[in-house]
Every structure is written in C-alpha cells, then in structure tokens.
$ cat final.cif   # mmCIF, C-alpha atoms and all ligand atoms
data_start
loop_
_atom_site.label_atom_id
_atom_site.label_comp_id
_atom_site.auth_asym_id
_atom_site.auth_seq_id
_atom_site.Cartn_x
_atom_site.Cartn_y
_atom_site.Cartn_z
CA MET A 1 -10.07 21.47 -4.32
CA ARG A 2 -12.52 19.28 -2.52
CA THR A 3 -14.63 19.66 0.56
CA PHE A 4 -15.05 16.36 2.23
CA THR A 5 -16.25 15.70 5.70
CA PRO A 6 -14.00 13.05 7.26
CA PHE A 7 -15.04 9.58 6.43
CA VAL A 8 -16.56 7.93 9.43
CA ALA A 9 -16.59 4.21 10.13
CA GLY A 10 -19.77 2.42 9.24
CA VAL A 11 -20.02 3.12 5.57
CA ALA A 12 -22.93 0.76 5.38
CA LEU A 13 -25.00 3.00 7.58
CA LEU A 14 -24.11 6.11 5.65
CA PHE A 15 -24.71 4.46 2.35
CA SER A 16 -28.40 4.05 2.79
CA LEU A 17 -30.59 4.62 -0.19
CA LEU A 18 -33.36 7.16 0.02
CA ALA A 19 -36.47 7.43 -2.06
CA CYS A 20 -36.51 9.81 -4.96
CA HIS A 21 -36.42 13.38 -3.68
CA PRO A 22 -38.79 16.08 -4.90
CA GLY A 23 -37.65 17.89 -7.99
CA HIS A 24 -35.27 15.10 -9.00
CA GLU A 25 -35.18 14.92 -12.79
CA GLU A 26 -36.82 11.83 -14.22
CA SER A 27 -34.35 9.27 -15.47
CA ARG A 28 -34.67 7.68 -18.89
CA ARG A 29 -35.54 4.41 -17.24
CA GLN A 30 -38.43 5.93 -15.31
CA MET A 31 -39.80 7.29 -18.54
CA HIS A 32 -39.30 4.35 -20.91
CA SER A 33 -37.73 1.18 -19.59
CA THR A 34 -39.01 -2.04 -18.22
CA GLY A 35 -37.13 -5.29 -17.61
CA PRO A 36 -33.75 -5.56 -15.90
CA VAL A 37 -31.72 -2.42 -15.23
CA ARG A 38 -29.07 -2.04 -17.93
CA ILE A 39 -25.73 -0.67 -16.73
CA GLY A 40 -22.98 0.56 -19.05
CA PHE A 41 -19.54 0.18 -17.43
CA SER A 42 -16.93 2.12 -19.37
CA MET A 43 -13.39 1.35 -18.19
CA ASP A 44 -10.18 3.13 -19.09
CA SER A 45 -8.25 -0.13 -19.39
CA LEU A 46 -8.18 -3.63 -17.97
CA GLN A 47 -4.46 -4.05 -18.24
CA LEU A 48 -3.64 -3.58 -14.57
CA GLU A 49 -4.68 -6.45 -12.35
CA ARG A 50 -6.62 -4.11 -10.06
CA TRP A 51 -9.16 -3.22 -12.73
CA GLN A 52 -9.99 -6.86 -13.38
CA HIS A 53 -10.92 -7.17 -9.69
CA ASP A 54 -13.11 -4.06 -10.05
CA ARG A 55 -14.88 -5.40 -13.10
CA ASP A 56 -15.53 -8.85 -11.65
CA ALA A 57 -16.86 -7.61 -8.32
CA PHE A 58 -19.01 -4.96 -10.00
CA VAL A 59 -20.58 -7.38 -12.46
CA ALA A 60 -21.19 -10.00 -9.78
CA ARG A 61 -23.01 -7.56 -7.48
CA ALA A 62 -25.03 -6.07 -10.33
CA LYS A 63 -26.14 -9.56 -11.35
CA GLU A 64 -27.19 -10.31 -7.77
CA LEU A 65 -29.38 -7.22 -8.01
CA GLY A 66 -30.90 -8.47 -11.25
CA ALA A 67 -29.15 -5.91 -13.47
CA GLU A 68 -27.37 -6.47 -16.77
CA VAL A 69 -23.89 -4.98 -17.25
CA PHE A 70 -22.27 -4.04 -20.55
CA VAL A 71 -18.52 -3.65 -19.95
CA GLN A 72 -16.30 -1.77 -22.37
CA SER A 73 -12.56 -1.17 -22.06
CA ALA A 74 -10.92 1.64 -24.03
CA ASP A 75 -7.29 0.50 -23.66
CA GLY A 76 -6.30 3.96 -22.55
CA VAL A 77 -7.48 5.78 -25.68
CA ASP A 78 -9.70 8.80 -25.03
CA ALA A 79 -11.46 8.81 -28.41
CA VAL A 80 -12.27 5.11 -28.01
CA GLN A 81 -13.68 5.65 -24.53
CA VAL A 82 -15.89 8.52 -25.69
CA ARG A 83 -17.15 6.45 -28.62
CA GLN A 84 -17.81 3.42 -26.43
CA CYS A 85 -19.90 5.56 -24.08
CA GLU A 86 -21.90 6.93 -27.00
CA ASN A 87 -22.50 3.37 -28.22
CA LEU A 88 -23.63 2.26 -24.77
CA LEU A 89 -26.08 5.17 -24.69
CA THR A 90 -27.39 4.20 -28.11
CA GLN A 91 -28.00 0.68 -26.80
CA GLY A 92 -30.38 2.16 -24.23
CA ILE A 93 -28.53 1.77 -20.93
CA ASP A 94 -30.26 3.13 -17.83
CA VAL A 95 -27.11 4.28 -16.04
CA LEU A 96 -23.49 4.85 -17.06
CA VAL A 97 -20.54 4.05 -14.79
CA ILE A 98 -17.20 5.44 -15.99
CA VAL A 99 -13.58 4.90 -14.98
CA PRO A 100 -12.19 7.78 -17.03
CA HIS A 101 -8.82 7.55 -18.72
CA ASN A 102 -8.85 11.32 -18.87
CA GLY A 103 -10.91 13.11 -16.23
CA GLU A 104 -11.38 16.20 -18.38
CA VAL A 105 -12.16 14.55 -21.71
CA MET A 106 -14.88 12.29 -20.35
CA ALA A 107 -16.97 15.32 -19.37
CA SER A 108 -18.35 15.08 -22.91
CA ALA A 109 -19.71 11.59 -22.24
CA VAL A 110 -21.36 12.88 -19.07
CA ARG A 111 -23.02 15.65 -21.07
CA SER A 112 -24.36 13.14 -23.64
CA ALA A 113 -25.65 10.85 -20.89
CA LYS A 114 -27.33 13.65 -18.98
CA ALA A 115 -28.98 14.95 -22.16
CA GLN A 116 -30.63 11.53 -22.42
CA GLY A 117 -31.65 11.33 -18.77
CA VAL A 118 -28.99 8.75 -17.95
CA PRO A 119 -27.26 9.27 -14.57
CA VAL A 120 -23.46 8.88 -14.43
CA VAL A 121 -21.29 7.38 -11.69
CA SER A 122 -17.64 8.47 -11.72
CA TYR A 123 -15.86 5.35 -10.56
CA ASP A 124 -12.55 5.59 -8.70
CA ARG A 125 -11.45 8.63 -10.74
CA LEU A 126 -13.27 11.94 -10.78
CA ILE A 127 -14.67 13.28 -14.05
CA ARG A 128 -14.20 17.01 -13.94
CA ASN A 129 -16.38 19.95 -15.02
CA SER A 130 -19.54 17.99 -15.59
CA ASP A 131 -22.84 16.99 -13.99
CA VAL A 132 -21.68 13.70 -12.46
CA SER A 133 -24.38 12.08 -10.29
CA LEU A 134 -22.06 10.30 -7.85
CA TYR A 135 -18.33 9.87 -7.28
CA ILE A 136 -17.22 6.69 -5.57
CA SER A 137 -13.59 6.08 -4.75
CA PHE A 138 -10.99 5.79 -2.05
CA ASP A 139 -9.68 8.85 -0.27
CA ASN A 140 -6.81 9.54 -2.64
CA LYS A 141 -5.28 12.41 -0.72
CA ARG A 142 -5.08 10.12 2.26
CA ILE A 143 -3.38 7.50 0.09
CA GLY A 144 -0.68 10.05 -0.78
CA LYS A 145 -0.29 10.96 2.88
CA LEU A 146 0.03 7.33 3.94
CA GLN A 147 2.68 6.65 1.29
CA ALA A 148 4.81 9.66 2.19
CA GLN A 149 4.38 9.21 5.94
CA TYR A 150 5.52 5.58 5.73
CA ILE A 151 8.69 6.60 3.91
CA TYR A 152 9.33 9.71 5.99
CA ASP A 153 9.01 7.78 9.25
CA ARG A 154 11.93 5.67 8.04
CA ALA A 155 14.07 8.41 6.45
CA LYS A 156 13.78 11.91 7.89
CA THR A 157 16.62 13.18 5.70
CA GLY A 158 18.10 12.37 2.30
CA ASN A 159 17.51 12.55 -1.43
CA TYR A 160 13.94 11.75 -2.40
CA MET A 161 12.52 11.11 -5.82
CA LEU A 162 8.80 11.61 -6.52
CA GLU A 163 7.20 9.41 -9.16
CA GLY A 164 3.66 10.66 -9.75
CA GLY A 165 0.92 8.95 -11.73
CA ALA A 166 -0.77 9.94 -14.97
CA PRO A 167 -1.17 13.72 -15.21
CA THR A 168 -4.53 13.12 -16.92
CA ASP A 169 -5.86 11.30 -13.84
CA ASN A 170 -7.29 13.47 -11.05
CA ASN A 171 -6.25 10.83 -8.53
CA ALA A 172 -2.59 11.34 -9.40
CA HIS A 173 -2.88 14.99 -8.37
CA LEU A 174 -4.75 14.26 -5.15
CA ILE A 175 -2.13 11.68 -4.25
CA ARG A 176 0.71 14.13 -4.90
CA ASP A 177 -1.08 16.77 -2.78
CA GLY A 178 -1.27 14.29 0.07
CA GLN A 179 2.39 13.32 -0.29
CA MET A 180 3.53 16.94 -0.26
CA GLU A 181 1.46 17.73 2.82
CA VAL A 182 3.65 15.26 4.67
CA LEU A 183 6.98 16.16 3.06
CA GLU A 184 6.76 19.91 2.54
CA ALA A 185 8.13 21.05 5.90
CA ALA A 186 11.14 18.73 5.69
CA VAL A 187 11.82 19.87 2.13
CA LYS A 188 11.67 23.52 3.23
CA ARG A 189 14.04 22.83 6.11
CA GLY A 190 16.44 21.24 3.64
CA ASP A 191 16.30 17.87 5.42
CA ILE A 192 14.87 16.29 2.32
CA LYS A 193 16.11 17.15 -1.15
CA ILE A 194 13.84 16.34 -4.10
CA VAL A 195 16.18 14.99 -6.78
CA GLY A 196 13.51 13.91 -9.25
CA ASP A 197 9.92 15.08 -9.63
CA GLN A 198 8.08 13.26 -12.38
CA TRP A 199 4.67 12.14 -13.65
CA ALA A 200 4.33 8.79 -15.42
CA LYS A 201 2.16 9.00 -18.52
CA ASP A 202 -0.68 6.47 -18.14
CA TRP A 203 0.97 5.21 -14.93
CA LEU A 204 3.39 3.23 -17.11
CA PRO A 205 6.23 1.27 -15.49
CA SER A 206 8.41 2.10 -18.51
CA GLU A 207 8.06 5.81 -17.71
CA ALA A 208 8.96 5.26 -14.06
CA LEU A 209 11.93 3.12 -15.10
CA ARG A 210 13.30 5.87 -17.31
CA HIS A 211 12.70 8.61 -14.73
CA THR A 212 14.45 6.60 -12.03
CA GLU A 213 17.39 5.71 -14.25
CA ASP A 214 17.81 9.41 -15.04
CA ALA A 215 17.58 10.47 -11.39
CA LEU A 216 20.05 7.81 -10.27
CA ALA A 217 22.51 8.88 -12.95
CA ARG A 218 22.15 12.54 -11.96
CA VAL A 219 22.97 11.98 -8.29
CA ASN A 220 25.40 9.07 -8.62
CA ASN A 221 22.93 6.60 -7.13
CA ASP A 222 22.56 8.67 -3.96
CA VAL A 223 18.81 8.21 -3.54
CA THR A 224 17.26 7.42 -0.16
CA ALA A 225 13.64 7.01 -1.16
CA VAL A 226 11.28 6.97 -4.11
CA VAL A 227 7.72 8.00 -3.38
CA ALA A 228 5.99 6.11 -6.18
CA SER A 229 2.26 6.73 -6.46
CA ASN A 230 1.14 3.22 -7.39
CA ASP A 231 2.40 -0.31 -7.87
CA SER A 232 2.86 -0.21 -11.63
CA THR A 233 5.16 2.80 -11.34
CA ALA A 234 6.86 1.20 -8.31
CA GLY A 235 7.61 -1.77 -10.57
CA GLY A 236 9.54 0.48 -12.97
CA VAL A 237 11.33 2.15 -10.06
CA VAL A 238 12.43 -1.17 -8.56
CA GLN A 239 13.66 -2.37 -11.95
CA ALA A 240 15.89 0.71 -12.23
CA LEU A 241 17.14 0.15 -8.69
CA GLN A 242 17.87 -3.50 -9.50
CA GLU A 243 20.03 -2.46 -12.44
CA GLN A 244 22.22 -0.58 -9.93
CA ASN A 245 22.07 -3.26 -7.20
CA LEU A 246 20.11 -0.87 -5.03
CA ALA A 247 16.83 -2.75 -4.74
CA GLY A 248 15.98 -3.28 -1.06
CA ARG A 249 18.29 -0.45 0.00
CA VAL A 250 16.09 2.40 -1.20
CA LEU A 251 12.63 2.97 0.28
CA VAL A 252 9.87 2.64 -2.32
CA SER A 253 6.12 3.17 -1.90
CA GLY A 254 3.22 1.95 -4.01
CA GLN A 255 -0.53 1.45 -4.17
CA ASP A 256 -3.01 -1.28 -5.22
CA ALA A 257 -1.56 -4.40 -3.56
CA ASP A 258 -1.09 -5.93 -7.02
CA LEU A 259 0.39 -9.42 -6.85
CA PRO A 260 3.83 -8.47 -8.28
CA ALA A 261 4.00 -5.55 -5.85
CA VAL A 262 3.11 -7.62 -2.81
CA GLN A 263 5.70 -10.16 -3.95
CA ARG A 264 8.23 -7.32 -3.97
CA VAL A 265 7.07 -6.26 -0.49
CA ALA A 266 7.57 -9.84 0.71
CA ALA A 267 11.00 -9.93 -0.92
CA GLY A 268 11.94 -6.53 0.54
CA THR A 269 12.47 -4.64 -2.73
CA GLN A 270 9.34 -2.50 -2.30
CA SER A 271 8.75 -1.07 1.18
CA MET A 272 5.00 -0.75 1.19
CA THR A 273 1.85 -0.70 -0.85
CA ILE A 274 -1.67 0.51 -0.19
CA TYR A 275 -4.43 -2.07 -0.11
CA LYS A 276 -7.74 -0.78 -1.32
CA PRO A 277 -10.39 -3.43 -0.74
CA ILE A 278 -11.88 -3.35 -4.22
CA ALA A 279 -14.89 -5.57 -3.60
CA PRO A 280 -16.68 -3.08 -1.28
CA LEU A 281 -16.00 -0.27 -3.73
CA ALA A 282 -17.30 -2.19 -6.72
CA ARG A 283 -20.30 -3.56 -4.84
CA LYS A 284 -21.32 -0.14 -3.58
CA ALA A 285 -20.94 1.29 -7.06
CA ALA A 286 -23.19 -1.44 -8.49
CA GLU A 287 -25.79 -0.82 -5.77
CA ALA A 288 -25.65 2.92 -6.40
CA ALA A 289 -25.93 2.45 -10.16
CA VAL A 290 -29.09 0.38 -9.77
CA ALA A 291 -30.58 2.92 -7.34
CA LEU A 292 -29.79 5.84 -9.65
CA ALA A 293 -31.30 3.99 -12.60
CA HIS A 294 -34.53 3.79 -10.62
CA GLY A 295 -34.37 7.54 -10.06
CA GLU A 296 -33.50 7.12 -6.40
CA MET A 297 -30.97 9.33 -4.72
CA VAL A 298 -27.89 7.77 -3.20
CA VAL A 299 -26.99 9.32 0.09
CA SER A 300 -23.31 10.13 0.20
CA ASP A 301 -21.18 11.15 3.12
CA GLY A 302 -19.64 14.29 1.64
CA THR A 303 -19.04 16.11 -1.60
CA VAL A 304 -16.09 16.64 -3.91
CA ASP A 305 -15.88 19.73 -6.10
CA ASN A 306 -15.29 18.77 -9.73
CA GLY A 307 -15.22 22.35 -11.03
CA PHE A 308 -18.86 22.21 -12.13
CA LYS A 309 -20.59 21.23 -8.92
CA LYS A 310 -20.12 19.62 -5.57
CA VAL A 311 -20.48 15.98 -6.53
CA PRO A 312 -21.97 13.68 -3.87
CA ALA A 313 -19.15 11.34 -2.92
CA VAL A 314 -18.55 8.06 -1.17
CA LEU A 315 -14.88 7.62 -0.23
CA LEU A 316 -13.55 4.43 1.32
CA ASP A 317 -10.53 4.04 3.55
CA PRO A 318 -7.22 2.62 2.26
CA VAL A 319 -4.94 0.33 4.30
CA VAL A 320 -1.12 0.38 4.51
CA VAL A 321 0.55 -2.96 3.74
CA ASP A 322 4.18 -3.76 4.42
CA ARG A 323 6.00 -7.03 5.02
CA ASN A 324 4.71 -7.16 8.62
CA ASN A 325 1.02 -7.26 7.82
CA VAL A 326 0.69 -8.90 4.40
CA VAL A 327 -0.93 -11.93 6.01
CA SER A 328 -3.39 -10.03 8.21
CA THR A 329 -4.57 -7.79 5.36
CA VAL A 330 -4.53 -8.89 1.72
CA ILE A 331 -4.21 -12.60 2.44
CA LYS A 332 -6.72 -12.68 5.28
CA ASP A 333 -9.22 -10.88 3.03
CA GLY A 334 -8.72 -13.46 0.27
CA PHE A 335 -7.51 -10.67 -2.05
CA LEU A 336 -4.26 -12.56 -2.72
CA LYS A 337 -3.13 -16.10 -1.94
CA MET A 338 -0.26 -16.98 0.38
CA ASP A 339 1.20 -19.41 -2.17
CA ASP A 340 1.26 -16.72 -4.85
CA VAL A 341 2.70 -13.94 -2.72
CA TYR A 342 5.52 -16.03 -1.25
CA LYS A 343 6.17 -18.31 -4.20
CA ASN A 344 9.67 -16.87 -4.79
CA ILE A 345 10.63 -17.12 -1.14
CA PRO A 346 11.93 -20.28 0.57
CA ARG A 347 9.17 -21.83 2.66
CA ASP A 348 11.12 -21.62 5.92
CA ARG A 349 11.06 -17.83 5.55
CA TRP A 350 7.29 -17.56 5.08
CA PRO A 351 5.45 -15.80 7.91
CA LYS A 352 3.87 -18.08 10.46
CA VAL A 353 0.13 -18.16 10.11
CA THR A 354 -1.82 -18.71 13.30
CA GLN A 355 -5.33 -20.00 12.70
C1 LIG A 401 -6.15 4.27 -9.40
C2 LIG A 401 -5.02 3.37 -8.98
C3 LIG A 401 -4.35 2.77 -10.20
C4 LIG A 401 -4.03 3.83 -11.24
C5 LIG A 401 -3.54 3.19 -12.53
C6 LIG A 401 -5.63 5.29 -10.36
O1 LIG A 401 -6.63 6.17 -10.73
O2 LIG A 401 -6.74 4.89 -8.27
O3 LIG A 401 -5.53 2.36 -8.15
O4 LIG A 401 -3.14 2.16 -9.85
O5 LIG A 401 -5.15 4.61 -11.51
O6 LIG A 401 -4.49 2.41 -13.14
#

$ encode --input "final.cif" --output "structure tokens" --more "lines below"
Ligand code: BGC
Amino acid sequence: MRTFTPFVAGVALLFSLLACHPGHEESRRQMHSTGPVRIGFSMDSLQLERWQHDRDAFVARAKELGAEVFVQSADGVDAVQVRQCENLLTQGIDVLVIVPHNGEVMASAVRSAKAQGVPVVSYDRLIRNSDVSLYISFDNKRIGKLQAQYIYDRAKTGNYMLEGGAPTDNNAHLIRDGQMEVLEAAVKRGDIKIVGDQWAKDWLPSEALRHTEDALARVNNDVTAVVASNDSTAGGVVQALQEQNLAGRVLVSGQDADLPAVQRVAAGTQSMTIYKPIAPLARKAAEAAVALAHGEMVVSDGTVDNGFKKVPAVLLDPVVVDRNNVVSTVIKDGFLKMDDVYKNIPRDRWPKVTQ
C-alpha cells in the first residue's frame, strides 16, 4: 500500500527545509496572519503514557521556535475529534497537526483545513483518502517485522496468538502486515499454528485480556507465543497469562517502551518491546508544522500512498528492547529512569551500569 524508499541514516540531513516551491498554494497564514505561528494539535487521546511524551516534546519544540500550540484531546471519540478540529480552525490556526483516532473519519477535518488554506500534518498515524501535507511517523511495517522476528527467532514452531491493534488505526494494519511477512512461510509449512487472530478495539488491554483468555481456554493453555502489537495490548495478554501461571513462559511482544511494559520486560513477563524515540518525532513534527505554516515545503525522504495521493513522509527507525539492552536504550536516552524500571526487582538483580 505504500511506496517508501528505505530510510537512510542521517534524518537530519534529509529533513532540510526548502523555500516555497513554485505553484505551491498560498497558506492562510501567508495571506492573513502576523504574530507567532499558531499550531492546532488534535490528539486522539492522552491516556497512554506515550502520547503524553509526544505532546510535551512537541509543545516544547514549538515554543522554542516561537510558535503557540493549542492541544486538544478527543478521548478516542471520532465526533469529538472532528469538532475539536473545526473549533481549532475557527480560532484561526495556521497549521493543523492530527493524531487521528480513526484514519478514515479524520479525512473530513483535512478537507475543512485545506478549504481554509491550512496545511495538515498526519502525526504518527496516517489519515487516509485526503490531501494530507505531510505524514511523520515510525516505520510501522518494520515495527511489525521486528516484533515477529524477535519471537520467531526464539520459537520456530508452536501455537501462536496474534493480538492486533485498533482496526481503525492504519498503523495496526501496517504492523500486522510486517508481522505476517515474517511468519507466513512458517505458518504455511505448518510449523506455526495461529490459534487466535484478533484486533483490540482502541488498543484496549481489556480486549487483549479477553482474547487471550479465550485462546488459552480453546487450546488448554498450549500457547507458545503472543505477538501483541503494542504495550497496552501486551499488558492485557500478560494479565491473562498470569491468571494461568504462564507469565514468563510464553513469549510476548509489545511496542512503545511504556514504563509498565519495560517493568514487565525487566521482570521477564514480557519478552520485548519496541522503543520509538518520541522526542525526535515530536520535534521534527513541530519544525515541519512551523515550516508549512510559512508556506515552505518540507523535504521528505519518501512517500506513503493514503488512497488519495502519495503523501510526503518522514519515517523514523524503531529500536528493539529486551531485558539485555534496557539500560543502553531507554534508560541511557533518559526516556525512563532506572529506579522506576527496576523498582519491583531486588537491587542485587539490577543490571550493572558502567559509567
Ligand atoms: C501508535 C502506538 C500506540 C497505539 C495506541 C499507534 O498508532 O503507533 O505507538 O501504542 O497507537 O495508542
């Protein structure tokens, strides 16, 4: 579904800003506004820890650039998110940045924005079938591949359960595509049997809990691995495994490096997570938003087809985290603190940190 030239190291170089190109439509700001750039940041929800990191880093960078940010969170309700975007547009924002709850539904907000000369950045999740100005995210197909490869390297045969994310989120589908690219051949050979294949509405742990309980009951607890698409669903999976005294004996993947998930990785009940350095993503998005508001074009390093057009895209690289590299990744980066991650583990079993 997307055409993306492989992401090359040195994002900074690729992410240079060019002057306005000929024929580029004039933005509302160019026509009317003076004073600081006004950015509307419409977020699906702030409930998961990861999105609070996104918001904070985005706002901080925008402020450094002299812009004002108006953040709205829709608590996962489509109608609320659409209305919040309309309100932001009424308030005269120069650029709209959206983390869509539903990648299809938010196309209507993009249409409204475009009609008013306001460019739109699709943040982390792709808004489909609409004239999005820029998509900025991590390489989600690669995330799926990394999750499945980690598990497959440790269990080449057995009963696997797949716990996908929200079906309304384009990322969930890209992640599943990536996972299946790794697992398909082994499934065809019969080495791996898929004993549960589910999608968790809104990425809810409660959904993953129920799906895992059902799968475990169906196969008398004979599950080797659960390929969970993010950490919130992994949390539900591990809870179901705990109920059957299976936690730590079944491989479980995740994504986000949320504190509870990394605590599970340290404790051995979740095998891995994916660390997505959020600060670079949020900072780049803020820089791009300000550039777009000024009518400048942001040079991307590839495109992603959203059904309407090939959207210029910037995709960052995710990092695998397991109990062997927690310290050299999320802790070294200051994303999480040693004391928090290992707080449930006796101090003599903490990893040695060499300065
Ligand atoms: C994001 C994940 C997140 C999930 C649930 C996805 O679109 O890429 O990082 O865990 O949404 O919020």

$ residues_near_ligand --input "final.cif" --ligand "ligand LIG 401 (chain A)" --cutoff "6 Å" --atoms "all atoms listed in the file" --output "list in words"
Asp124, Arg125, Asn171, Trp203, Asn230 and Asp256 of chain A

$ residues_around --input "final.cif" --residues "Val227 of chain A" --least-positions-apart "2" --cutoff "10 Å" --atoms "only C-alpha atoms" --output "list of chain:residue names"
A:Gly144, A:Gln147, A:Ala148, A:Gln149, A:Tyr150, A:Ile151, A:Tyr152, A:Tyr160, A:Met161, A:Leu162, A:Glu163, A:Gly164, A:Arg176, A:Gln179, A:Asp197, A:Ala225, A:Ser229, A:Asn230, A:Thr233, A:Ala234, A:Val237, A:Leu251, A:Val252, A:Ser253, A:Gly254

$ residues_around --input "final.cif" --residues "Ser130 of chain A" --least-positions-apart "6" --cutoff "8 Å" --atoms "all atoms listed in the file" --output "ChimeraX atom specification"
/A:107-108,110-111,306-309

$ residues_near_point --input "final.cif" --point "(-35.5, 5.3, -10.8)" --cutoff "8 Å" --atoms "only C-alpha atoms" --output "VMD selection string"
chain A and resid 20 26 to 27 29 to 30 291 to 296

$ closest_atom_pairs --input "final.cif" --of "segment 29-63 of chain A" --to "segment 76-91 of chain A" --cutoff "10 Å" --atoms "all atoms listed in the file" --output "Markdown table"
| residue | atom | partner | partner_atom | distance |
| --- | --- | --- | --- | --- |
| A:Arg38 | CA | A:Gln91 | CA | 9.3 |
| A:Ile39 | CA | A:Leu88 | CA | 8.8 |
| A:Gly40 | CA | A:Leu88 | CA | 6.0 |
| A:Phe41 | CA | A:Cys85 | CA | 8.6 |
| A:Ser42 | CA | A:Cys85 | CA | 6.5 |
| A:Met43 | CA | A:Gln81 | CA | 7.7 |
| A:Asp44 | CA | A:Gly76 | CA | 5.3 |
| A:Ser45 | CA | A:Gly76 | CA | 5.5 |
| A:Leu46 | CA | A:Gly76 | CA | 9.1 |
| A:Gln47 | CA | A:Gly76 | CA | 9.3 |

$ atom_distance --input "final.cif" --atom1 "atom CA of Ile331 of chain A" --atom2 "atom CA of Ala60 of chain A"
21.1 Å

$ atom_distance --input "final.cif" --atom1 "atom CA of Ala67 of chain A" --atom2 "atom CA of Ala279 of chain A"
17.3 Å

$ closest_residue --input "final.cif" --among "A:Trp350, A:Phe335, A:Trp199, A:Tyr342" --to "Ala57 of chain A" --atoms "all atoms listed in the file"
A:Phe335

$ atom_distance --input "final.cif" --atom1 "atom CA of Asp202 of chain A" --atom2 "atom CA of Ser232 of chain A"
10.0 Å

$ closest_residue --input "final.cif" --among "A:Gln244, A:Ala113, A:Thr157, A:Ser137" --to "Asp54 of chain A" --atoms "only C-alpha atoms"
A:Ser137

$ closest_residue --input "final.cif" --among "A:Asn325, A:Pro312, A:Glu243, A:Asn221" --to "Met297 of chain A" --atoms "all atoms listed in the file"
A:Pro312

$ residues_around --input "final.cif" --residues "segment 185-193 of chain A" --least-positions-apart "2" --cutoff "9 Å" --atoms "all atoms listed in the file" --output "PDB file with C-alpha atoms, in the frame of the given file"
ATOM      1  CA  ALA A 155      14.070   8.410   6.450  1.00  0.00           C
ATOM      2  CA  LYS A 156      13.780  11.910   7.890  1.00  0.00           C
ATOM      3  CA  THR A 157      16.620  13.180   5.700  1.00  0.00           C
ATOM      4  CA  GLY A 158      18.100  12.370   2.300  1.00  0.00           C
ATOM      5  CA  ASN A 159      17.510  12.550  -1.430  1.00  0.00           C
ATOM      6  CA  TYR A 160      13.940  11.750  -2.400  1.00  0.00           C
ATOM      7  CA  MET A 161      12.520  11.110  -5.820  1.00  0.00           C
ATOM      8  CA  MET A 180       3.530  16.940  -0.260  1.00  0.00           C
ATOM      9  CA  GLU A 181       1.460  17.730   2.820  1.00  0.00           C
ATOM     10  CA  VAL A 182       3.650  15.260   4.670  1.00  0.00           C
ATOM     11  CA  LEU A 183       6.980  16.160   3.060  1.00  0.00           C
ATOM     12  CA  VAL A 195      16.180  14.990  -6.780  1.00  0.00           C
TER      13      VAL A 195
END

$ closest_residue --input "final.cif" --among "A:Leu126, A:Leu336, A:Val330, A:Leu134" --to "Glu104 of chain A" --atoms "all atoms listed in the file"
A:Leu126

$ closest_residue --input "final.cif" --among "A:Gly248, A:Gly268, A:Gly165, A:Gly178" --to "Glu207 of chain A" --atoms "only C-alpha atoms"
A:Gly165
